[in-house]
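Undergrad: Got a structure for you, structure_15.txt, holding compact mmCIF, C-alpha atoms.
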# COMPACT_ATOMS: atom_id res chain seq x y z
CA MET A 1 -13.66 -13.42 -37.33
CA LYS A 2 -13.47 -10.97 -40.23
CA ASN A 3 -14.30 -7.27 -39.88
CA LEU A 4 -17.88 -6.84 -41.13
CA VAL A 5 -18.79 -3.18 -41.66
CA LEU A 6 -22.16 -3.81 -43.33
CA VAL A 7 -24.46 -6.81 -43.64
CA ARG A 8 -27.33 -6.05 -46.01
CA ILE A 9 -30.32 -7.92 -47.39
CA ASP A 10 -31.12 -6.49 -50.82
CA ASP A 11 -32.13 -8.58 -53.82
CA ARG A 12 -30.52 -6.03 -56.15
CA LEU A 13 -27.13 -6.72 -54.54
CA ILE A 14 -24.72 -4.12 -55.99
CA HIS A 15 -26.53 -1.02 -57.24
CA GLY A 16 -26.34 2.75 -57.01
CA GLN A 17 -27.21 3.13 -53.33
CA VAL A 18 -24.66 0.50 -52.32
CA VAL A 19 -21.92 1.90 -54.57
CA THR A 20 -22.39 5.62 -53.93
CA GLN A 21 -23.49 5.64 -50.30
CA TRP A 22 -23.07 2.43 -48.31
CA ILE A 23 -19.53 1.66 -49.48
CA LYS A 24 -18.50 5.26 -48.83
CA SER A 25 -20.10 5.52 -45.37
CA THR A 26 -18.75 2.17 -44.17
CA HIS A 27 -15.33 2.43 -45.86
CA GLY A 28 -16.01 -1.02 -47.29
CA ASN A 29 -13.22 -2.32 -49.49
CA ARG A 30 -14.35 -5.90 -50.04
CA ILE A 31 -17.83 -7.06 -51.00
CA LEU A 32 -18.85 -10.65 -50.35
CA ILE A 33 -22.02 -11.67 -52.14
CA ILE A 34 -23.30 -14.91 -50.65
CA ASP A 35 -25.53 -16.69 -53.15
CA ASP A 36 -25.18 -20.32 -54.19
CA ALA A 37 -27.27 -19.91 -57.36
CA LEU A 38 -25.34 -16.85 -58.54
CA LEU A 39 -22.16 -18.94 -58.69
CA LYS A 40 -23.62 -20.64 -61.77
CA ASN A 41 -24.22 -17.34 -63.59
CA THR A 42 -20.83 -16.10 -64.78
CA MET A 43 -22.33 -13.27 -66.81
CA MET A 44 -24.13 -11.81 -63.78
CA MET A 45 -20.99 -12.21 -61.65
CA ARG A 46 -19.05 -10.19 -64.24
CA ILE A 47 -21.72 -7.47 -64.21
CA LEU A 48 -21.68 -7.26 -60.40
CA ARG A 49 -17.88 -7.04 -60.31
CA ALA A 50 -17.96 -4.28 -62.93
CA ALA A 51 -20.55 -2.34 -60.90
CA ALA A 52 -18.31 -2.08 -57.85
CA PRO A 53 -16.34 1.10 -57.27
CA PRO A 54 -12.62 1.10 -58.14
CA GLY A 55 -10.51 -0.49 -55.44
CA VAL A 56 -13.35 -2.58 -54.02
CA ALA A 57 -12.94 -6.31 -54.50
CA VAL A 58 -16.09 -8.34 -55.21
CA GLU A 59 -16.37 -12.06 -54.54
CA VAL A 60 -19.34 -14.37 -54.90
CA LEU A 61 -19.28 -17.24 -52.41
CA SER A 62 -21.47 -20.19 -51.55
CA GLN A 63 -22.91 -20.29 -48.04
CA ALA A 64 -20.44 -23.01 -47.05
CA ASP A 65 -17.44 -21.11 -48.40
CA ALA A 66 -18.64 -17.86 -46.82
CA ILE A 67 -18.89 -19.51 -43.39
CA GLU A 68 -15.29 -20.73 -43.63
CA GLU A 69 -14.04 -17.41 -45.02
CA LEU A 70 -15.76 -15.33 -42.35
CA LYS A 71 -14.38 -17.47 -39.52
CA GLY A 72 -10.85 -16.58 -40.62
CA GLU A 73 -8.60 -13.98 -39.08
CA PRO A 74 -9.26 -10.40 -40.16
CA ALA A 75 -6.78 -8.86 -42.57
CA ALA A 76 -5.35 -5.48 -41.63
CA GLY A 77 -7.47 -2.70 -43.12
CA GLU A 78 -10.05 -5.06 -44.58
CA ASN A 79 -13.66 -3.82 -44.28
CA ILE A 80 -16.15 -6.38 -45.54
CA VAL A 81 -19.62 -5.64 -46.87
CA ILE A 82 -21.85 -8.71 -47.03
CA LEU A 83 -24.72 -8.65 -49.51
CA VAL A 84 -27.44 -11.30 -49.68
CA LYS A 85 -30.80 -11.51 -51.43
CA VAL A 86 -32.76 -13.25 -48.66
CA PRO A 87 -32.62 -13.48 -44.86
CA ALA A 88 -32.21 -17.28 -44.82
CA VAL A 89 -28.59 -16.91 -45.93
CA LEU A 90 -27.82 -14.79 -42.88
CA GLU A 91 -29.64 -17.20 -40.60
CA ALA A 92 -27.37 -19.97 -41.91
CA LEU A 93 -24.28 -17.88 -41.17
CA ILE A 94 -25.51 -17.13 -37.64
CA ASP A 95 -26.35 -20.79 -37.04
CA ASN A 96 -22.78 -21.64 -38.02
CA GLY A 97 -21.12 -19.30 -35.56
CA ILE A 98 -20.84 -16.04 -37.51
CA SER A 99 -21.72 -13.10 -35.28
CA ILE A 100 -23.91 -10.54 -37.03
CA PRO A 101 -25.14 -7.99 -34.50
CA ARG A 102 -26.74 -5.60 -37.01
CA ILE A 103 -28.42 -6.30 -40.36
CA ILE A 104 -29.65 -3.64 -42.75
CA LEU A 105 -32.74 -4.53 -44.76
CA GLY A 106 -32.80 -2.78 -48.12
CA GLY A 107 -35.06 -3.84 -50.96
CA MET A 108 -36.76 -7.17 -51.47
CA GLY A 109 -38.90 -7.01 -54.57
CA LEU A 110 -42.51 -8.01 -54.94
CA THR A 111 -43.07 -11.47 -56.46
CA PRO A 112 -46.18 -13.62 -56.72
CA ALA A 113 -45.11 -15.43 -53.54
CA ARG A 114 -44.35 -12.25 -51.58
CA LYS A 115 -46.65 -9.68 -50.06
CA LYS A 116 -45.77 -6.11 -49.18
CA PHE A 117 -44.00 -5.89 -45.84
CA ASN A 118 -42.81 -2.27 -45.89
CA LYS A 119 -42.21 0.53 -48.39
CA ASN A 120 -39.58 -1.25 -50.56
CA VAL A 121 -39.79 -4.68 -49.00
CA ALA A 122 -41.98 -7.61 -49.88
CA ALA A 123 -41.58 -10.91 -48.07
CA THR A 124 -43.10 -14.36 -47.89
CA ASP A 125 -44.46 -15.58 -44.58
CA GLU A 126 -41.38 -17.80 -44.30
CA GLU A 127 -39.03 -14.83 -44.87
CA VAL A 128 -40.81 -12.88 -42.13
CA GLU A 129 -40.53 -15.88 -39.80
CA CYS A 130 -36.85 -16.18 -40.71
CA MET A 131 -36.27 -12.52 -39.79
CA LYS A 132 -38.03 -13.13 -36.46
CA ARG A 133 -35.76 -16.12 -35.78
CA ILE A 134 -32.67 -14.05 -36.63
CA ILE A 135 -33.78 -11.40 -34.13
CA SER A 136 -34.46 -14.08 -31.49
CA LYS A 137 -30.85 -15.26 -31.96
CA GLY A 138 -29.52 -11.85 -30.95
CA SER A 139 -29.23 -9.86 -34.18
CA SER A 140 -31.04 -6.61 -34.85
CA ILE A 141 -32.57 -5.91 -38.28
CA TYR A 142 -33.18 -2.36 -39.44
CA TYR A 143 -34.90 -1.14 -42.57
CA GLN A 144 -32.69 1.55 -44.09
CA LEU A 145 -32.35 2.32 -47.80
CA VAL A 146 -29.39 4.70 -47.50
CA PRO A 147 -27.13 5.67 -44.60
CA SER A 148 -28.70 9.12 -44.28
CA ASP A 149 -32.16 7.62 -43.70
CA MET A 150 -33.26 6.94 -40.15
CA ALA A 151 -32.92 3.23 -39.37
CA LEU A 152 -36.26 1.62 -38.51
CA ASN A 153 -36.15 -1.46 -36.29
CA ILE A 154 -38.29 -3.96 -38.21
CA GLU A 155 -39.67 -5.47 -35.00
CA LYS A 156 -42.08 -2.53 -35.10
CA LEU A 157 -43.40 -3.86 -38.42
CA PHE A 158 -44.28 -7.37 -37.26
Re-express the file's structure as structure tokens.

TA:
Amino acid sequence: MKNLVLVRIDDRLIHGQVVTQWIKSTHGNRILIIDDALLKNTMMMRILRAAAPPGVAVEVLSQADAIEELKGEPAAGENIVILVKVPAVLEALIDNGISIPRIILGGMGLTPARKKFNKNVAATDEEVECMKRIISKGSSIYYQLVPSDMALNIEKLF
């Protein structure tokens, strides 16, 4: 399996905190954004690729392609950062044999369907249940905006 240095749920995907802090602290050099719908938005894919720091490759993959890619042999020196908008994508990876011991929960914005879950996180009841299932499958989920913040195990928020 590939070398995953960060797995993060954040509906903003690539933004300042990811570029200036998470990539630096994890030594990430390849970002995999897993989002089936985003594959249809070439303009947004261009914007996300342009937002990445120099020397960091950005790829947008479908869930199916990501599962196959992540099952492959690790490349020497490759440090992968996975970014997803919602927890269900990570549950699908886990259900298909991808080991994700630690997940960092960043921001999930407020929508009419979501209610406030924590400071910068809003979630639907189904998203909360999905996070609980992910934890029950052996992964830990921590709320942490930037690496210098103390990681808060979200089980304390349920």

Undergrad: Quick check, in Å to one decimal: how far apart do atom CA of Thr42 of chain A and atom CA of Val146 of chain A lie?

TA: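 Going from atom CA of Thr42 of chain A over to atom CA of Val146 of chain A, I get 28.4 Å.
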
Undergrad: One number please: atom CA of Val86 of chain A to atom CA of Ile9 of chain A, in Å, one decimal.

TA: 6.0 Å

Undergrad: Find, counting only C-alpha atoms, the residue in A:Leu38, A:Leu4, A:Cys130, A:Ile98 that gets nearest to Val81 of chain A.

TA: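 Looking only at the distances to Val81 of chain A, the closest residue turns out to be A:Leu4.
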
Undergrad: In Å, with one decimal, what is the gap from atom CA of Gly77 of chain A to atom CA of Ser25 of chain A?

TA: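 It comes out at 15.2 Å.
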
Undergrad: Which one of A:Pro53, A:Ala66, A:Ile104, A:Asp95 sits closest to Asp149 of chain A if you count all atoms listed in the file?

TA: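 That would be A:Ile104, the residue with the smallest distance to Asp149 of chain A.
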
Undergrad: What would segment 129-140 of chain A look like with all heavy atoms in place, written as a compact mmCIF listing (two decimals), in the coordinates of the input?

TA:
# COMPACT_ATOMS: atom_id res chain seq x y z
N GLU A 129 -40.86 -14.99 -40.92
CA GLU A 129 -40.53 -15.88 -39.80
C GLU A 129 -39.02 -16.03 -39.64
O GLU A 129 -38.51 -16.07 -38.51
CB GLU A 129 -41.20 -17.26 -39.97
CG GLU A 129 -42.71 -17.22 -39.81
CD GLU A 129 -43.14 -16.63 -38.47
OE1 GLU A 129 -42.60 -17.03 -37.42
OE2 GLU A 129 -44.03 -15.75 -38.48
N CYS A 130 -38.31 -16.09 -40.75
CA CYS A 130 -36.85 -16.18 -40.71
C CYS A 130 -36.26 -14.93 -40.05
O CYS A 130 -35.37 -15.03 -39.20
CB CYS A 130 -36.30 -16.35 -42.12
SG CYS A 130 -34.51 -16.51 -42.20
N MET A 131 -36.75 -13.76 -40.41
CA MET A 131 -36.27 -12.52 -39.79
C MET A 131 -36.55 -12.52 -38.29
O MET A 131 -35.71 -12.10 -37.49
CB MET A 131 -36.89 -11.30 -40.47
CG MET A 131 -36.32 -11.05 -41.86
SD MET A 131 -36.87 -9.51 -42.62
CE MET A 131 -38.31 -10.07 -43.53
N LYS A 132 -37.71 -13.03 -37.89
CA LYS A 132 -38.03 -13.13 -36.46
C LYS A 132 -37.05 -14.07 -35.75
O LYS A 132 -36.61 -13.77 -34.63
CB LYS A 132 -39.46 -13.62 -36.27
CG LYS A 132 -40.51 -12.59 -36.64
CD LYS A 132 -41.91 -13.16 -36.47
CE LYS A 132 -42.99 -12.17 -36.84
NZ LYS A 132 -44.35 -12.75 -36.72
N ARG A 133 -36.71 -15.18 -36.39
CA ARG A 133 -35.76 -16.12 -35.78
C ARG A 133 -34.38 -15.46 -35.66
O ARG A 133 -33.69 -15.64 -34.64
CB ARG A 133 -35.65 -17.41 -36.61
CG ARG A 133 -36.87 -18.30 -36.51
CD ARG A 133 -36.61 -19.67 -37.11
NE ARG A 133 -36.15 -19.67 -38.50
CZ ARG A 133 -36.95 -19.67 -39.56
NH1 ARG A 133 -38.27 -19.70 -39.42
NH2 ARG A 133 -36.43 -19.68 -40.78
N ILE A 134 -33.96 -14.73 -36.68
CA ILE A 134 -32.67 -14.05 -36.63
C ILE A 134 -32.63 -13.09 -35.44
O ILE A 134 -31.66 -13.05 -34.69
CB ILE A 134 -32.40 -13.31 -37.96
CG1 ILE A 134 -32.10 -14.33 -39.08
CG2 ILE A 134 -31.27 -12.30 -37.82
CD1 ILE A 134 -32.06 -13.72 -40.48
N ILE A 135 -33.70 -12.34 -35.25
CA ILE A 135 -33.78 -11.40 -34.13
C ILE A 135 -33.73 -12.16 -32.80
O ILE A 135 -33.04 -11.75 -31.87
CB ILE A 135 -35.04 -10.53 -34.25
CG1 ILE A 135 -34.88 -9.57 -35.45
CG2 ILE A 135 -35.32 -9.77 -32.96
CD1 ILE A 135 -36.16 -8.89 -35.88
N SER A 136 -34.45 -13.29 -32.74
CA SER A 136 -34.46 -14.08 -31.49
C SER A 136 -33.08 -14.66 -31.16
O SER A 136 -32.80 -14.99 -30.02
CB SER A 136 -35.49 -15.20 -31.57
OG SER A 136 -35.04 -16.25 -32.40
N LYS A 137 -32.21 -14.74 -32.17
CA LYS A 137 -30.85 -15.26 -31.96
C LYS A 137 -29.86 -14.15 -31.60
O LYS A 137 -28.67 -14.40 -31.49
CB LYS A 137 -30.39 -15.99 -33.22
CG LYS A 137 -31.20 -17.25 -33.49
CD LYS A 137 -30.89 -17.88 -34.83
CE LYS A 137 -31.87 -19.03 -35.07
NZ LYS A 137 -31.60 -19.76 -36.29
N GLY A 138 -30.38 -12.92 -31.44
CA GLY A 138 -29.52 -11.85 -30.95
C GLY A 138 -29.12 -10.78 -31.96
O GLY A 138 -28.41 -9.84 -31.60
N SER A 139 -29.54 -10.88 -33.18
CA SER A 139 -29.23 -9.86 -34.18
C SER A 139 -30.37 -8.85 -34.24
O SER A 139 -31.51 -9.18 -33.96
CB SER A 139 -29.06 -10.48 -35.57
OG SER A 139 -27.97 -11.37 -35.60
N SER A 140 -30.03 -7.63 -34.61
CA SER A 140 -31.04 -6.61 -34.85
C SER A 140 -31.15 -6.41 -36.36
O SER A 140 -30.14 -6.48 -37.07
CB SER A 140 -30.64 -5.28 -34.22
OG SER A 140 -30.57 -5.41 -32.83
